[in-house]
file model-v2.txt (compact mmCIF, C-alpha atoms)
# COMPACT_ATOMS: atom_id res chain seq x y z
CA MET R 258 2.96 36.35 10.21
CA SER R 259 5.07 33.42 8.97
CA THR R 260 3.58 29.95 8.90
CA ASP R 261 4.81 27.51 11.57
CA TRP R 262 5.08 24.43 9.36
CA HIS R 263 6.46 22.24 12.13
CA ASP R 264 3.35 22.92 14.21
CA ILE R 265 0.97 22.36 11.27
CA ILE R 266 2.62 19.05 10.35
CA GLN R 267 2.36 17.82 13.93
CA ARG R 268 -1.30 18.93 14.08
CA HIS R 269 -1.92 17.13 10.78
CA MET R 270 -0.46 13.86 12.13
CA ALA R 271 -2.69 14.25 15.19
CA GLY R 272 -5.73 14.82 12.93
CA ILE R 273 -6.62 18.28 14.30
CA THR R 274 -5.74 20.65 11.45
CA THR R 275 -8.31 23.18 10.30
CA GLU R 276 -9.66 23.13 6.73
CA GLU R 277 -7.49 26.16 5.89
CA GLU R 278 -4.35 24.50 7.32
CA ALA R 279 -5.06 21.28 5.42
CA GLY R 280 -5.35 23.28 2.19
CA LEU R 281 -2.05 25.09 2.85
CA LEU R 282 -0.37 21.77 3.64
CA GLN R 283 -1.58 20.11 0.43
CA ASP R 284 -0.59 23.11 -1.70
CA SER R 285 2.91 23.22 -0.21
CA LEU R 286 3.43 19.48 -0.76
CA LYS R 287 2.74 20.03 -4.47
CA ARG R 288 5.03 23.01 -5.11
CA ASP R 289 7.79 22.99 -2.49
CA ASP R 290 10.31 20.11 -2.63
CA ALA R 291 12.04 21.24 0.58
CA PHE R 292 8.76 21.24 2.47
CA ALA R 293 7.84 17.81 1.03
CA SER R 294 11.17 16.48 2.31
CA LEU R 295 10.48 17.93 5.79
CA TYR R 296 7.01 16.35 5.79
CA LEU R 297 8.42 12.98 4.77
CA ARG R 298 10.98 13.08 7.61
CA TYR R 299 8.22 13.81 10.13
CA MET R 300 6.10 10.93 8.83
CA ASN R 301 9.00 8.47 8.92
CA LEU R 302 9.81 9.52 12.50
CA ASP R 303 6.19 9.16 13.55
CA VAL R 304 6.01 5.68 12.04
CA ALA R 305 9.21 4.58 13.76
CA LEU R 306 8.00 5.84 17.16
CA GLU R 307 4.65 4.10 16.75
CA ALA R 308 6.37 0.85 15.86
CA GLN R 309 8.34 0.97 19.12
CA ALA R 310 5.38 1.95 21.32
CA THR R 311 4.14 -1.57 22.11
CA THR R 312 7.54 -2.83 23.26
CA THR R 313 8.19 0.33 25.28
CA GLU R 314 4.86 0.04 27.10
CA ALA R 315 5.40 -3.68 27.78
CA THR R 316 8.84 -2.95 29.21
CA ARG R 317 7.42 -0.20 31.46
CA THR R 318 4.71 -2.57 32.73
CA LEU R 319 7.22 -5.31 33.51
CA LEU R 320 9.65 -3.02 35.33
CA THR R 321 6.88 -1.53 37.50
CA ALA R 322 5.23 -4.86 38.33
CA PRO R 323 4.05 -5.42 41.94
CA ALA R 324 6.80 -7.98 42.58
CA ILE R 325 9.37 -5.24 41.92
CA ARG R 326 7.54 -2.47 43.77
CA ARG R 327 7.19 -4.62 46.91
CA ARG R 328 10.96 -4.60 47.32
CA GLY R 329 10.78 -0.97 48.44
CA PHE R 330 13.20 0.16 45.76
CA GLN R 331 14.63 3.69 46.32
CA TRP R 332 16.69 5.76 43.90
CA ARG R 333 20.24 6.38 45.07
CA PRO R 334 23.65 6.79 43.39
CA LEU R 335 24.67 3.51 41.76
CA THR R 336 28.05 1.87 41.66
CA THR R 337 29.47 0.59 38.38
CA ALA R 338 28.46 -2.95 39.31
CA ALA R 339 24.95 -1.78 40.16
CA VAL R 340 24.62 0.04 36.81
CA ALA R 341 25.72 -3.11 35.02
CA SER R 342 23.14 -5.14 36.93
CA VAL R 343 20.36 -2.70 36.05
CA LEU R 344 21.31 -2.74 32.36
CA LEU R 345 21.46 -6.55 32.36
CA ALA R 346 18.05 -6.76 34.05
CA GLY R 347 16.57 -4.38 31.46
CA PHE R 348 18.06 -6.41 28.61
CA LEU R 349 16.68 -9.67 30.02
CA ALA R 350 13.29 -8.04 30.60
CA VAL R 351 13.00 -7.02 26.97
CA LEU R 352 14.44 -10.33 25.77
CA PHE R 353 11.80 -12.38 27.58
CA LEU R 354 8.80 -10.13 26.93
CA PRO R 355 5.84 -11.97 25.40
CA GLN R 356 5.96 -11.67 21.61
CA VAL R 357 3.60 -9.07 20.18
CA SER R 358 0.65 -10.85 18.57
CA ALA R 359 0.23 -11.13 14.81
CA ALA R 360 -3.06 -9.21 15.05
CA ALA R 361 -1.35 -6.33 16.90
CA LEU R 362 1.29 -6.11 14.17
CA VAL R 363 -1.40 -6.05 11.48
CA ARG R 364 -3.29 -3.29 13.32
CA GLN R 365 -0.08 -1.25 13.54
CA ALA R 366 0.58 -1.75 9.80
CA LEU R 367 -3.00 -0.65 9.12
CA LYS R 368 -2.42 2.60 10.98
CA VAL R 369 0.86 3.23 9.16
CA HIS R 370 -0.62 2.64 5.71
CA ALA R 371 -3.44 5.09 6.43
CA ALA R 372 -0.85 7.92 6.47
CA ALA R 373 -0.63 10.30 3.49
CA LEU R 374 2.45 8.72 1.93
CA ASP R 375 2.88 7.11 -1.49
CA ARG R 376 4.41 3.65 -1.63
CA CYS R 377 5.63 1.85 -4.72
CA TYR R 378 5.54 -1.96 -5.06
CA ARG R 379 6.91 -4.16 -7.82
CA VAL R 380 4.23 -6.67 -8.85
CA SER R 381 4.74 -10.22 -10.10
CA ALA R 382 2.25 -13.03 -10.63
CA SER R 383 2.64 -16.78 -10.87
CA GLU R 384 3.47 -18.43 -14.19
CA GLU R 385 -0.15 -19.55 -14.35
CA PHE R 386 -1.18 -15.94 -14.90
CA ALA R 387 1.83 -14.86 -16.97
CA PRO R 388 0.93 -13.31 -20.34
CA ARG R 389 0.86 -15.77 -23.21
CA ARG R 390 3.05 -15.10 -26.25
CA GLN R 391 3.20 -16.60 -29.69
CA ALA R 392 5.69 -19.41 -30.22
CA GLY R 393 9.00 -18.33 -31.71
CA LEU R 394 8.66 -14.67 -30.68
CA PRO R 395 11.07 -13.19 -28.11
CA SER R 396 9.61 -12.18 -24.76
CA ALA R 397 9.81 -8.45 -24.05
CA THR R 398 11.02 -7.31 -20.65
CA ARG R 399 8.00 -6.65 -18.43
CA GLU R 400 7.77 -4.63 -15.25
CA ILE R 401 4.70 -3.71 -13.26
CA LEU R 402 4.96 -0.95 -10.65
CA LEU R 403 2.06 -0.21 -8.31
CA TRP R 404 1.68 3.08 -6.42
CA THR R 405 -0.67 3.25 -3.42
CA ARG R 406 -1.82 5.94 -1.03
CA GLY R 407 -4.37 4.65 1.45
CA ASP R 408 -6.77 2.64 -0.71
CA ARG R 409 -6.16 4.60 -3.92
CA PHE R 410 -3.80 3.18 -6.52
CA TRP R 411 -2.33 3.56 -9.96
CA VAL R 412 -0.23 1.09 -11.93
CA GLU R 413 2.47 1.49 -14.54
CA SER R 414 3.11 -1.49 -16.83
CA ARG R 415 6.26 -1.39 -18.96
CA VAL R 416 6.67 -3.81 -21.85
CA GLY R 417 9.95 -3.25 -23.64
CA GLU R 418 9.92 0.40 -24.69
CA LYS R 419 6.12 0.72 -24.39
CA SER R 420 4.19 1.58 -21.26
CA ALA R 421 0.63 1.86 -20.02
CA ALA R 422 -0.93 3.29 -16.87
CA TRP R 423 -4.22 2.70 -15.13
CA GLY R 424 -5.86 3.17 -11.78
CA ARG R 425 -8.99 4.10 -9.85
CA ASP R 426 -9.80 7.67 -8.82
CA GLU R 427 -11.77 8.98 -5.83
CA GLN R 428 -15.06 8.69 -7.76
CA GLY R 429 -14.48 4.97 -8.28
CA ARG R 430 -13.85 5.34 -12.01
CA VAL R 431 -11.31 2.97 -13.55
CA TRP R 432 -9.09 4.85 -16.02
CA PHE R 433 -6.36 3.70 -18.38
CA THR R 434 -4.03 4.99 -21.07
CA SER R 435 -1.34 3.52 -23.30
CA SER R 436 -0.54 6.86 -24.95
CA PRO R 437 0.05 10.38 -23.57
CA ASN R 438 -2.51 11.64 -26.08
CA VAL R 439 -5.42 9.22 -25.57
CA GLY R 440 -7.10 7.95 -22.41
CA ALA R 441 -10.43 6.47 -21.34
CA TRP R 442 -12.38 5.65 -18.24
CA PHE R 443 -15.33 3.57 -17.11
CA GLU R 444 -17.70 4.62 -14.36
CA ALA R 445 -17.83 2.32 -11.34
CA ASP R 446 -21.10 0.72 -12.57
CA GLU R 447 -19.88 -0.15 -16.09
CA VAL R 448 -16.34 -1.58 -15.72
CA PRO R 449 -15.92 -4.56 -18.12
CA GLU R 450 -15.16 -7.88 -16.44
CA ARG R 451 -11.75 -8.28 -18.08
CA LEU R 452 -10.62 -4.79 -17.04
CA ALA R 453 -11.93 -5.35 -13.50
CA GLN R 454 -9.92 -8.58 -13.28
CA VAL R 455 -6.74 -6.85 -14.47
CA CYS R 456 -7.19 -4.18 -11.79
CA GLU R 457 -7.97 -6.72 -9.08
CA LEU R 458 -5.03 -9.03 -9.76
CA ARG R 459 -2.41 -6.30 -10.07
CA SER R 460 -3.54 -3.83 -7.40
CA LEU R 461 -3.00 -3.78 -3.67
CA GLN R 462 -5.26 -1.79 -1.36
CA PRO R 463 -3.42 -2.12 1.96
CA GLU R 464 -6.15 -0.77 4.24
CA ALA R 465 -8.90 -2.94 2.75
CA LEU R 466 -6.64 -6.01 2.77
CA LEU R 467 -5.53 -5.57 6.38
CA HIS R 468 -9.09 -4.90 7.60
CA THR R 469 -10.22 -8.10 5.88
CA LEU R 470 -7.40 -10.18 7.36
CA LEU R 471 -8.25 -9.00 10.88
CA VAL R 472 -11.92 -10.03 10.49
CA ASP R 473 -12.00 -13.17 8.35
CA PHE R 474 -8.57 -14.78 8.72
CA ASP R 475 -6.56 -16.57 11.36
CA LEU R 476 -3.19 -14.84 11.76
CA ARG R 477 -0.02 -16.69 12.71
CA ARG R 478 3.35 -15.06 13.32
CA GLU R 479 6.65 -16.77 12.59
CA PRO R 480 9.56 -16.38 15.06
CA ASP R 481 11.58 -13.31 14.10
CA THR R 482 14.81 -14.06 12.24
CA GLY R 483 15.63 -10.74 10.54
CA GLY R 484 14.38 -7.21 10.02
CA SER R 485 10.79 -8.22 9.27
CA HIS R 486 7.88 -9.82 11.07
CA VAL R 487 6.41 -12.63 8.96
CA ILE R 488 2.67 -13.26 9.30
CA HIS R 489 0.61 -16.01 7.67
CA ALA R 490 -3.11 -15.44 7.09
CA GLU R 491 -5.50 -18.33 6.47
CA LEU R 492 -9.29 -18.22 6.28
CA LYS R 493 -11.04 -18.96 9.55
CA PRO R 494 -12.97 -22.26 9.60
CA GLY R 495 -16.34 -21.75 7.97
CA HIS R 496 -15.35 -18.41 6.41
CA THR R 497 -15.13 -17.65 2.70
CA HIS R 498 -14.03 -14.56 0.84
CA THR R 499 -14.66 -13.39 -2.72
CA ARG R 500 -11.22 -11.79 -3.18
CA TYR R 501 -8.60 -13.46 -0.97
CA HIS R 502 -7.85 -17.13 -0.31
CA ALA R 503 -4.70 -16.65 1.83
CA ALA R 504 -1.88 -14.17 2.36
CA LEU R 505 1.66 -13.81 3.66
CA LEU R 506 2.81 -10.47 5.07
CA GLU R 507 6.34 -9.28 5.75
CA VAL R 508 6.11 -6.24 8.04
CA ASP R 509 9.22 -4.12 8.53
CA SER R 510 10.14 -4.33 12.22
CA THR R 511 11.17 -0.66 12.40
CA SER R 512 8.58 1.19 10.30
CA SER R 513 5.66 -1.31 10.38
CA VAL R 514 5.33 -0.87 6.60
CA LEU R 515 4.40 -3.87 4.45
CA SER R 516 7.74 -4.66 2.81
CA ARG R 517 6.47 -7.74 0.93
CA VAL R 518 3.01 -9.19 0.45
CA VAL R 519 1.94 -12.44 -1.20
CA VAL R 520 -1.80 -12.47 -1.83
CA HIS R 521 -3.54 -15.58 -3.14
CA ARG R 522 -6.31 -14.04 -5.24
CA VAL R 523 -9.64 -15.77 -5.77
CA VAL R 524 -10.32 -16.19 -9.51
CA PRO R 525 -13.68 -17.79 -10.45
CA GLY R 526 -13.25 -21.18 -12.07
CA ARG R 527 -9.52 -21.36 -11.32
CA SER R 528 -7.14 -22.18 -8.51
CA PRO R 529 -6.14 -19.17 -6.36
CA VAL R 530 -3.50 -17.04 -8.11
CA PRO R 531 -0.54 -15.89 -5.94
CA VAL R 532 0.53 -12.31 -6.65
CA VAL R 533 3.69 -10.88 -5.04
CA PHE R 534 4.11 -7.20 -4.09
CA THR R 535 7.63 -6.09 -3.12
CA LEU R 536 8.24 -2.60 -1.69
CA VAL R 537 10.48 -0.42 -3.86
CA GLU R 538 10.24 3.01 -2.22
CA SER R 539 8.19 5.43 -0.14
CA SER R 540 7.87 9.03 -1.28
CA LEU R 541 5.43 11.85 -1.99
CA HIS R 542 3.68 12.26 -5.33
CA ASP R 543 1.34 14.90 -6.64
CA GLU R 544 -2.37 14.12 -6.26
CA SER R 545 -2.73 14.18 -10.04
CA SER R 546 -0.76 10.93 -10.38
CA TYR R 547 -3.88 9.08 -9.18
CA THR R 548 -5.99 10.57 -11.98
CA LEU R 549 -6.15 10.03 -15.73
CA ALA R 550 -5.34 13.69 -16.40
CA GLY R 551 -2.04 13.32 -14.55
CA HIS R 552 -0.83 10.84 -17.20
CA LEU R 553 -1.90 12.71 -20.34
CA SER R 554 -0.45 15.62 -22.29
CA GLN R 555 -2.37 18.88 -22.58
CA GLN R 556 -3.46 17.95 -26.12
CA ASN R 557 -5.44 14.79 -25.47
CA GLU R 558 -8.62 12.87 -26.13
CA ILE R 559 -10.57 11.18 -23.33
CA TYR R 560 -13.23 8.58 -24.11
CA ASP R 561 -16.09 7.85 -21.72
CA ARG R 562 -19.65 6.46 -21.91
CA HIS R 563 -20.88 9.64 -23.55
CA SER R 564 -18.23 10.04 -26.27
CA ALA R 565 -17.05 7.83 -29.14
CA PRO R 566 -18.11 4.43 -27.70
CA GLY R 567 -16.43 2.53 -30.54
CA LYS R 568 -13.14 4.35 -29.95
CA ARG R 569 -13.28 3.58 -26.24
CA GLY R 570 -13.69 -0.11 -27.01
CA GLN R 571 -10.69 -0.08 -29.34
CA ALA R 572 -8.61 1.85 -26.79
CA LEU R 573 -9.42 -0.83 -24.21
CA ALA R 574 -8.49 -3.62 -26.64
CA ASP R 575 -5.14 -1.92 -27.34
CA PHE R 576 -4.54 -1.45 -23.61
CA LEU R 577 -5.26 -5.10 -22.77
CA GLN R 578 -3.12 -6.22 -25.70
CA LEU R 579 -0.19 -4.37 -24.16
CA VAL R 580 -0.59 -5.34 -20.50
CA LEU R 581 -1.68 -8.96 -21.08
CA GLY R 582 0.36 -9.80 -24.15
CA SER R 583 -2.62 -10.99 -26.19
CA ALA R 584 -6.31 -10.23 -26.53
CA ARG R 585 -8.56 -13.17 -25.77
CA ASN R 586 -9.48 -14.86 -29.06
CA GLY R 587 -8.02 -11.84 -30.87
CA THR R 588 -11.22 -9.80 -30.42
CA SER R 589 -11.95 -6.52 -28.73
CA PRO R 590 -13.40 -7.08 -25.23
CA ASP R 591 -15.46 -3.90 -25.43
CA THR R 592 -16.39 -3.21 -29.04
CA ASN R 593 -19.86 -1.93 -28.16
CA ARG R 594 -18.84 0.58 -25.52
call {"tool": "encode", "arguments": {"input": "model-v2.txt", "output": "structure tokens"}}
result
Amino acid sequence: MSTDWHDIIQRHMAGITTEEEAGLLQDSLKRDDAFASLYLRYMNLDVALEAQATTTEATRTLLTAPAIRRRGFQWRPLTTAAVASVLLAGFLAVLFLPQVSAAALVRQALKVHAAALDRCYRVSASEEFAPRRQAGLPSATREILLWTRGDRFWVESRVGEKSAAWGRDEQGRVWFTSSPNVGAWFEADEVPERLAQVCELRSLQPEALLHTLLVDFDLRREPDTGGSHVIHAELKPGHTHTRYHAALLEVDSTSSVLSRVVVHRVVPGRSPVPVVFTLVESSLHDESSYTLAGHLSQQNEIYDRHSAPGKRGQALADFLQLVLGSARNGTSPDTNR
């Protein structure tokens, strides 16, 4: 019997697939480009419908209000003038609907970003955090691209013709590589402070961020002027947070996806550092892209706490040299690991 992929995708979006169906779905996403394209179309449609749901429900409530029902309205064939009047009334009803709250928009974005889609953001930090370079040397072109799926992430940093990748896997290990032949990772309980800071400043975990903003921050929405809803987030009086000082969200009005995010990161001993994330694309990637193995060749070396501690420290120093532009004081940050 042939597989009804349309039915399985719809069951997956509703969260009622069986374990066997979920396995078939994941396997097909990896090996079948046509199926991946079909899945992506379904997800985009679902997101668009969800984004319109609040306005649709508000319109339905307004048009069935008691003041309207009391008029004893009955359906009958309408003249051209009557049709025009109905359309005008509908337009005015939508036009003067109360604006959806900032919190409601954030909750909708939270639901959208929980979907199994990969999103790529270009990352830029303030000049205060820009890599230092030696006087008289030309500055290489730098680009940082962040990929997220739910609260997992991996980052690609390109410096001239060189590149490095790092991320966090499902076990909480932080991995990195600046060569297809050599990689390393640190378990969640042993991540060096400098590496943890690099990950924190350049990563974006949409679900965790949006949850935090809903709990600890006052949310204020700007009047709409284009294709995005703009939301400002400031700490509630008496609240503090170890990671975020403030944020600005631009939420696409059609898809409810975060199209641009400015997060003011908390850095101990310094003023908050603004980091900007700008959406580049949404697509589907293989699961392996969120793991160290997915960025290494078949002939590789992987350093961890149990193998070649000195080599892992040097690999980390080389990695930080590339992504930060200079090692602090010219020394390895992890020579004993």
call {"tool": "atom_distance", "arguments": {"input": "model-v2.txt", "atom1": "CA of Gly551 (chain R)", "atom2": "CA of Arg409 (chain R)"}}
result
14.4 Å
call {"tool": "closest_residue", "arguments": {"input": "model-v2.txt", "among": "R:Cys456, R:Leu515, R:Val363, R:Ala441", "to": "Ala565 (chain R)", "atoms": "only C-alpha atoms"}}
result
R:Ala441
call {"tool": "residues_around", "arguments": {"input": "model-v2.txt", "residues": "Trp411 (chain R)", "least_positions_apart": "3", "cutoff": "8 Å", "atoms": "all atoms listed in the file", "output": "ChimeraX atom specification"}}
result
/R:403-405,422-425,460,546-547
call {"tool": "axis_aligned_box", "arguments": {"input": "model-v2.txt", "around": "region 478-491 of chain R", "padding_each_side": "8 Å", "output": "AutoDock Vina command-line options"}}
result
--center_x 5.1 --center_y -12.8 --center_z 10.8 --size_x 37.1 --size_y 27.1 --size_z 24.6
call {"tool": "residues_around", "arguments": {"input": "model-v2.txt", "residues": "Val439 (chain R)", "least_positions_apart": "5", "cutoff": "10 Å", "atoms": "all atoms listed in the file", "output": "MDAnalysis selection string"}}
result
chainID R and resid 433:434 549 552:554 556:560 569 572
call {"tool": "atom_distance", "arguments": {"input": "model-v2.txt", "atom1": "CA of Leu579 (chain R)", "atom2": "CA of Arg415 (chain R)"}}
result
8.8 Å
call {"tool": "atom_distance", "arguments": {"input": "model-v2.txt", "atom1": "CA of Phe534 (chain R)", "atom2": "CA of His468 (chain R)"}}
result
17.8 Å
call {"tool": "residues_around", "arguments": {"input": "model-v2.txt", "residues": "Leu452 (chain R)", "least_positions_apart": "4", "cutoff": "10 Å", "atoms": "all atoms listed in the file", "output": "number ranges by chain"}}
result
R: 431-433, 443, 448, 456-457, 573-574, 576-577, 590-591
call {"tool": "residues_around", "arguments": {"input": "model-v2.txt", "residues": "Lys493 (chain R)", "least_positions_apart": "4", "cutoff": "10 Å", "atoms": "only C-alpha atoms", "output": "PyMOL selection string"}}
result
chain R and resi 470+472-476+497
call {"tool": "write_last_selection", "arguments": {"input": "model-v2.txt", "atoms": "C-alpha atoms", "output": "short mmCIF file (atom, residue, chain, number, x, y, z; two decimals), in the coordinates of the input"}}
result
data_model
loop_
_atom_site.label_atom_id
_atom_site.label_comp_id
_atom_site.auth_asym_id
_atom_site.auth_seq_id
_atom_site.Cartn_x
_atom_site.Cartn_y
_atom_site.Cartn_z
CA LEU R 470 -7.40 -10.18 7.36
CA VAL R 472 -11.92 -10.03 10.49
CA ASP R 473 -12.00 -13.17 8.35
CA PHE R 474 -8.57 -14.78 8.72
CA ASP R 475 -6.56 -16.57 11.36
CA LEU R 476 -3.19 -14.84 11.76
CA THR R 497 -15.13 -17.65 2.70
#
call {"tool": "residues_around", "arguments": {"input": "model-v2.txt", "residues": "Arg522 (chain R)", "least_positions_apart": "2", "cutoff": "8 Å", "atoms": "all atoms listed in the file", "output": "MDAnalysis selection string"}}
result
chainID R and resid 458 500:503 520 524 529:532
call {"tool": "closest_residue", "arguments": {"input": "model-v2.txt", "among": "R:Gln454, R:Ser564, R:Thr469, R:Ser516", "to": "Ala360 (chain R)", "atoms": "all atoms listed in the file"}}
result
R:Thr469
call {"tool": "closest_residue", "arguments": {"input": "model-v2.txt", "among": "R:Leu402, R:Leu362, R:Ala465, R:Leu281", "to": "Glu507 (chain R)", "atoms": "all atoms listed in the file"}}
result
R:Leu362
call {"tool": "closest_residue", "arguments": {"input": "model-v2.txt", "among": "R:Thr499, R:Ser381, R:Ser414, R:Ser358", "to": "Val580 (chain R)", "atoms": "all atoms listed in the file"}}
result
R:Ser414
call {"tool": "closest_residue", "arguments": {"input": "model-v2.txt", "among": "R:Gln283, R:Thr275, R:Ser512, R:Asn438", "to": "Leu367 (chain R)", "atoms": "only C-alpha atoms"}}
result
R:Ser512
